[in-house]
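> What follows is my_file-v1.cif, mmCIF, C-alpha atoms.
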data_upload
#
loop_
_atom_site.label_atom_id
_atom_site.label_comp_id
_atom_site.auth_asym_id
_atom_site.auth_seq_id
_atom_site.Cartn_x
_atom_site.Cartn_y
_atom_site.Cartn_z
CA ALA A 65 198.82 216.69 157.67
CA GLN A 66 195.90 218.72 158.92
CA SER A 67 194.77 219.70 162.41
CA VAL A 68 192.03 221.65 164.12
CA THR A 69 192.11 223.66 167.34
CA GLN A 70 188.89 224.64 169.04
CA LEU A 71 189.86 227.50 171.26
CA ASP A 72 187.17 227.09 173.92
CA SER A 73 186.20 223.81 175.55
CA HIS A 74 183.09 225.40 177.12
CA VAL A 75 180.99 228.40 176.09
CA SER A 76 178.04 229.67 178.07
CA VAL A 77 175.54 232.20 176.70
CA SER A 78 172.12 233.48 177.67
CA GLU A 79 169.14 232.63 175.50
CA GLY A 80 168.66 235.27 172.83
CA THR A 81 172.30 236.45 172.85
CA PRO A 82 174.88 235.79 170.10
CA VAL A 83 176.95 232.62 169.92
CA LEU A 84 180.60 232.50 168.85
CA LEU A 85 182.47 229.19 168.75
CA ARG A 86 186.08 229.52 167.61
CA CYS A 87 188.05 227.18 165.36
CA ASN A 88 191.52 227.47 163.87
CA TYR A 89 192.86 224.97 161.38
CA SER A 90 196.12 223.87 159.85
CA SER A 91 196.28 222.18 156.47
CA SER A 92 198.90 221.64 153.80
CA TYR A 93 196.20 221.67 151.15
CA SER A 94 193.22 223.76 150.27
CA PRO A 95 190.98 222.58 153.05
CA SER A 96 187.35 221.70 153.26
CA LEU A 97 186.01 222.72 156.66
CA PHE A 98 182.97 221.54 158.56
CA TRP A 99 181.01 222.15 161.72
CA TYR A 100 179.11 219.26 163.28
CA VAL A 101 176.81 219.28 166.30
CA GLN A 102 176.34 216.37 168.71
CA HIS A 103 173.41 216.18 171.10
CA PRO A 104 173.59 213.68 173.97
CA ASN A 105 173.30 210.07 172.82
CA LYS A 106 172.97 211.16 169.21
CA GLY A 107 175.26 210.99 166.21
CA LEU A 108 177.05 213.98 164.76
CA GLN A 109 174.89 216.17 162.55
CA LEU A 110 176.36 218.38 159.87
CA LEU A 111 175.67 222.08 160.47
CA LEU A 112 177.58 223.53 157.53
CA LYS A 113 180.58 223.06 155.25
CA TYR A 114 183.09 225.21 153.39
CA THR A 115 184.50 223.81 150.16
CA SER A 116 186.25 226.77 148.46
CA ALA A 117 183.18 228.59 147.25
CA ALA A 118 181.75 231.55 149.19
CA THR A 119 183.74 232.35 152.33
CA LEU A 120 180.59 233.03 154.36
CA VAL A 121 178.73 229.78 154.73
CA LYS A 122 175.18 229.48 155.96
CA GLY A 123 174.05 226.33 157.67
CA ILE A 124 171.04 224.88 159.38
CA ASN A 125 169.25 226.32 162.41
CA GLY A 126 170.52 229.86 161.79
CA PHE A 127 174.22 229.07 162.14
CA GLU A 128 176.86 230.46 159.85
CA ALA A 129 180.65 230.42 159.62
CA GLU A 130 183.24 232.56 157.86
CA PHE A 131 186.38 231.10 156.29
CA LYS A 132 189.34 233.45 156.80
CA LYS A 133 192.42 232.10 155.07
CA SER A 134 194.72 234.84 156.40
CA GLU A 135 193.76 233.94 159.97
CA THR A 136 193.34 230.17 159.30
CA SER A 137 190.04 230.42 161.11
CA PHE A 138 186.52 229.10 160.61
CA HIS A 139 184.48 230.45 163.51
CA LEU A 140 180.84 229.46 163.99
CA THR A 141 178.27 232.11 164.85
CA LYS A 142 174.57 232.48 165.49
CA PRO A 143 172.86 235.82 166.14
CA SER A 144 170.48 234.58 168.83
CA ALA A 145 170.92 231.43 170.91
CA HIS A 146 168.02 229.10 171.58
CA MET A 147 167.78 226.58 174.40
CA SER A 148 167.78 223.78 171.84
CA ASP A 149 171.26 224.86 170.67
CA ALA A 150 172.81 223.44 173.85
CA ALA A 151 175.07 220.64 172.62
CA GLU A 152 178.67 219.84 171.76
CA TYR A 153 180.06 221.35 168.58
CA PHE A 154 182.96 219.99 166.56
CA CYS A 155 185.00 221.70 163.89
CA ALA A 156 186.62 219.40 161.34
CA VAL A 157 188.97 219.66 158.36
CA THR A 158 189.73 217.39 155.44
CA GLY A 159 192.65 217.80 153.11
CA SER A 160 194.17 215.42 150.65
CA ALA A 161 193.22 212.39 152.71
CA ARG A 162 189.63 211.29 152.74
CA GLN A 163 189.18 211.26 156.50
CA LEU A 164 188.01 214.11 158.67
CA THR A 165 190.23 215.45 161.42
CA PHE A 166 188.14 216.79 164.30
CA GLY A 167 188.82 219.30 167.03
CA SER A 168 188.29 218.38 170.65
CA GLY A 169 184.88 220.03 170.76
CA THR A 170 183.16 223.00 172.41
CA GLN A 171 180.33 222.38 174.85
CA LEU A 172 177.70 225.10 174.44
CA THR A 173 175.47 225.86 177.40
CA VAL A 174 172.45 228.13 176.90
CA LEU A 175 171.13 229.78 180.04
CA PRO A 176 167.46 230.78 180.37
CA ASP B 183 166.13 205.06 154.22
CA THR B 184 166.69 205.62 157.93
CA GLY B 185 170.28 206.84 157.81
CA VAL B 186 173.31 205.09 159.27
CA SER B 187 172.42 202.37 161.78
CA GLN B 188 174.73 200.96 164.42
CA ASP B 189 174.25 197.94 166.65
CA PRO B 190 174.48 197.47 169.55
CA ARG B 191 174.09 200.97 170.95
CA HIS B 192 175.68 199.96 174.23
CA LYS B 193 177.99 197.10 175.13
CA ILE B 194 179.46 196.32 178.53
CA THR B 195 182.12 193.64 178.58
CA LYS B 196 184.88 192.31 180.78
CA ARG B 197 188.52 192.85 179.99
CA GLY B 198 189.83 190.17 177.67
CA GLN B 199 186.54 189.46 175.93
CA ASN B 200 185.93 190.01 172.22
CA VAL B 201 183.26 192.41 170.97
CA THR B 202 181.82 193.10 167.54
CA PHE B 203 179.97 196.16 166.31
CA ARG B 204 177.88 196.36 163.17
CA CYS B 205 177.23 199.35 160.93
CA ASP B 206 174.62 199.60 158.18
CA PRO B 207 175.36 202.65 156.02
CA ILE B 208 172.98 204.59 153.82
CA SER B 209 172.31 202.15 151.01
CA GLU B 210 173.62 204.21 148.10
CA HIS B 211 176.80 205.27 149.92
CA ASN B 212 179.85 203.31 148.86
CA ARG B 213 182.26 204.86 151.38
CA LEU B 214 182.17 203.78 155.02
CA TYR B 215 184.24 205.10 157.90
CA TRP B 216 184.88 204.07 161.50
CA TYR B 217 185.83 206.61 164.15
CA ARG B 218 186.47 206.36 167.88
CA GLN B 219 185.44 209.03 170.35
CA THR B 220 186.61 209.07 173.96
CA LEU B 221 185.11 211.26 176.66
CA GLY B 222 185.85 214.93 176.15
CA GLN B 223 187.53 214.41 172.80
CA GLY B 224 186.58 214.72 169.18
CA PRO B 225 186.18 211.65 166.99
CA GLU B 226 189.42 210.04 165.78
CA PHE B 227 189.66 208.28 162.44
CA LEU B 228 190.17 204.51 162.56
CA THR B 229 189.58 203.14 159.07
CA TYR B 230 187.81 203.70 155.76
CA PHE B 231 186.28 201.46 153.09
CA GLN B 232 185.36 202.14 149.52
CA ASN B 233 182.92 199.40 148.63
CA GLU B 234 184.50 196.24 150.10
CA ALA B 235 188.10 197.50 149.92
CA GLN B 236 189.70 198.80 153.11
CA LEU B 237 191.73 201.72 151.77
CA GLU B 238 193.10 203.42 154.87
CA LYS B 239 193.87 202.40 158.44
CA SER B 240 194.94 204.66 161.27
CA ARG B 241 197.84 203.82 163.55
CA LEU B 242 195.16 203.77 166.27
CA LEU B 243 193.88 200.52 164.76
CA SER B 244 196.06 198.04 166.62
CA ASP B 245 196.28 194.38 165.64
CA ARG B 246 193.48 193.63 168.13
CA PHE B 247 191.11 195.57 165.91
CA SER B 248 189.75 194.28 162.63
CA ALA B 249 187.15 195.78 160.33
CA GLU B 250 185.43 194.18 157.39
CA ARG B 251 182.91 195.12 154.76
CA PRO B 252 182.53 191.84 152.94
CA LYS B 253 179.91 192.71 150.33
CA GLY B 254 180.36 196.44 150.23
CA SER B 255 177.23 197.01 152.27
CA PHE B 256 177.30 196.62 156.08
CA SER B 257 180.54 196.63 158.05
CA THR B 258 181.72 195.04 161.27
CA LEU B 259 184.37 196.24 163.69
CA GLU B 260 185.76 193.55 165.99
CA ILE B 261 187.93 194.18 169.01
CA GLN B 262 189.73 191.16 170.39
CA ARG B 263 191.03 190.81 173.96
CA THR B 264 189.45 194.09 175.01
CA GLU B 265 191.32 196.42 177.36
CA GLN B 266 189.94 199.17 179.59
CA GLY B 267 191.51 201.72 177.26
CA ASP B 268 189.17 200.51 174.51
CA SER B 269 186.21 202.05 176.35
CA ALA B 270 184.86 204.65 173.95
CA MET B 271 182.08 205.50 171.54
CA TYR B 272 182.62 203.83 168.16
CA LEU B 273 181.08 205.88 165.38
CA CYS B 274 180.31 204.76 161.86
CA ALA B 275 179.77 207.16 158.97
CA SER B 276 179.10 206.85 155.28
CA SER B 277 179.30 209.05 152.21
CA PRO B 278 178.70 208.78 148.49
CA TYR B 279 181.69 208.41 146.20
CA GLY B 280 183.23 211.80 145.39
CA ALA B 281 181.57 213.60 148.29
CA ASN B 282 183.37 214.64 151.45
CA VAL B 283 180.28 215.06 153.62
CA LEU B 284 179.90 212.22 156.10
CA THR B 285 176.60 211.07 157.60
CA PHE B 286 177.17 209.61 161.06
CA GLY B 287 175.32 206.95 162.98
CA ALA B 288 174.41 207.35 166.65
CA GLY B 289 177.39 205.26 167.72
CA SER B 290 178.07 202.14 169.75
CA ARG B 291 179.26 202.84 173.29
CA LEU B 292 181.71 200.28 174.68
CA THR B 293 182.47 199.95 178.38
CA VAL B 294 185.25 197.54 179.34
CA LEU B 295 185.25 196.58 183.03
#
Rewrite the coordinates I just gave you, this time as structure tokens.


Amino acid sequence: AQSVTQLDSHVSVSEGTPVLLRCNYSSSYSPSLFWYVQHPNKGLQLLLKYTSAATLVKGINGFEAEFKKSETSFHLTKPSAHMSDAAEYFCAVTGSARQLTFGSGTQLTVLP
Amino acid sequence: DTGVSQDPRHKITKRGQNVTFRCDPISEHNRLYWYRQTLGQGPEFLTYFQNEAQLEKSRLLSDRFSAERPKGSFSTLEIQRTEQGDSAMYLCASSPYGANVLTFGAGSRLTVL
């Protein structure tokens, strides 16, 4: 079975400062890992995915994440936050089963 | 193609009533998923279809819930005898065969009074 823990339920940053959203995973298999973003009243949008290729994964809108097997982590970062980044972010893992297992989400607030 | 479509977007019903949600996936995607998302939580897997075959069901999918995908295209999720605990966002997603990237719809929000 697989699971995901998002270590912060809320993160608040100032516009133009770096963003770090933390995710730890547990999986019995070689995992595929994902970050999704959800804006209010919208569906989840894929930001990036890791599927056993390069450990540093670049996604859309300047986000990137690094897979660290020794730490079972897949933290999401962005060098400079923009007001439009304010949303809820979900880390997810898939293993042998075909469904995604999601974390409980991190609400990102960007202050002007 | 406009992505994954879900209807209705919002449904308010009284306890004990039946409700049905529809999902139209991306046309070339043969896998279709249903998830449930409650306030402050991440989406939880309910069930999954490959073409018209329902291949997996979560323990969350009680006998009051039924999902179908009769022709391998659109899907319906029916909840019978709704309870207040059924209030949630019901998300549909689709993916091509062999891919593990899901494209989500905007969801159908259910409120049970």

> Under the PyMOL selection byres ((chain A and resi 104-114) around 8), which residues of this model are included? Write them out as a PyMOL selection string.

(chain A and resi 96-103+115-119+121-125+127-129+131+151) or (chain B and resi 273+285-289)

> Within 8 Å of (187.6, 201.2, 156.7), only C-alpha atoms: residues as a list in words?

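Those residues lying close to the given coordinates are Leu214, Tyr215, Trp216, Leu228, Thr229, Tyr230, Phe231, Gln232, Ala235, Gln236, Leu237, Glu238, Lys239, Ala249, Glu250 and Arg251 of chain B.
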
> Got a sec: who's within 8 Å of A:Pro176, counting all atoms listed in the file, leaving out chain neighbours fewer than 4 positions off, as a list in words?

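Here the qualifying residues turn out to be Ser78, Glu79 and Met147 of chain A.
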
> What would the selection look like, as a list in words, if the PyMOL selection byres ((chain B and resi 247) around 9) were run on the coordinates I just shared?

Leu243, Ser244, Asp245, Arg246, Ser248, Ala249, Leu259, Glu260, Ile261 and Gln262 of chain B

> For the atom pair atom CA of B:Asp268 and atom CA of B:Val294, what is the interatomic distance in Å to one decimal place?

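Going from atom CA of B:Asp268 over to atom CA of B:Val294 covers 6.9 Å.
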
> Could you spell out the hits of the PyMOL selection byres ((chain B and resi 193) around 9) on the shown file, as a PyMOL selection string?

chain B and resi 190-192+194-195+201+290-294

> Do you have the atom CA of A:Gly167-atom CA of B:Gln219 distance handy?

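Atom-to-atom, atom CA of A:Gly167 to atom CA of B:Gln219, that is 11.3 Å.
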
> My list of candidates is A:Ala156, A:Leu85, A:Val77, A:Leu71. Which is closest to chain B when distances are computed with only C-alpha atoms?

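Closest candidate: A:Ala156.
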
> Between A:Pro95, A:Gly80, A:Gly126, A:Pro143, single out the one closest to A:Val174, counting all atoms listed in the file.

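Closest residue, counting all atoms listed in the file: A:Gly80.
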
> Choose the residue, out of B:Ser209, B:Pro225, B:Gly267, B:Thr202, that has the smallest atom-to-atom separation from A:Ser168; count only C-alpha atoms.

B:Pro225

> Would you kindly return, as a ChimeraX atom specification, each protein, DNA or RNA residue with an atom no farther than 9 Å from any atom of A:Thr69, considering only C-alpha atoms and excluding same-chain residues fewer than 2 positions away?

/A:67,71-72,86-90,155,166-169

> One decimal, in Å: what's the spacing between atom CA of B:Ser277 and atom CA of B:Phe227?

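Calculated distance between atom CA of B:Ser277 and atom CA of B:Phe227 is 14.6 Å.
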
> Tell me which protein, DNA and RNA residues are within 10 Å of A:Ser76, counting all atoms listed in the file, leaving out same-chain ones fewer than 2 positions away, and put them as a VMD selection string.

chain A and resid 74 78 to 79 83 to 84 150 171 to 175

> Would you mind exporting the chosen residues as a tab-separated table (two decimals), in the coordinates of the input, restricted to C-alpha atoms?


chain	number	residue	atom	x	y	z
A	74	HIS	CA	183.09	225.40	177.12
A	78	SER	CA	172.12	233.48	177.67
A	79	GLU	CA	169.14	232.63	175.50
A	83	VAL	CA	176.95	232.62	169.92
A	84	LEU	CA	180.60	232.50	168.85
A	150	ALA	CA	172.81	223.44	173.85
A	171	GLN	CA	180.33	222.38	174.85
A	172	LEU	CA	177.70	225.10	174.44
A	173	THR	CA	175.47	225.86	177.40
A	174	VAL	CA	172.45	228.13	176.90
A	175	LEU	CA	171.13	229.78	180.04

> Using all atoms listed in the file, which residues sit within 6 Å of B:Gln199 once same-chain residues fewer than 3 positions away are excluded, as a tab-separated table (two decimals) with C-alpha atoms, in the frame of the given file?


chain	number	residue	atom	x	y	z
B	196	LYS	CA	184.88	192.31	180.78
B	263	ARG	CA	191.03	190.81	173.96
B	264	THR	CA	189.45	194.09	175.01

> Which residue gives the smallest distance to B:Cys274 among B:Asn233, B:Ser187, B:Asn200, B:Ser255, with all atoms listed in the file counted?

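Ranked by minimum distance to B:Cys274, first place goes to B:Ser187.
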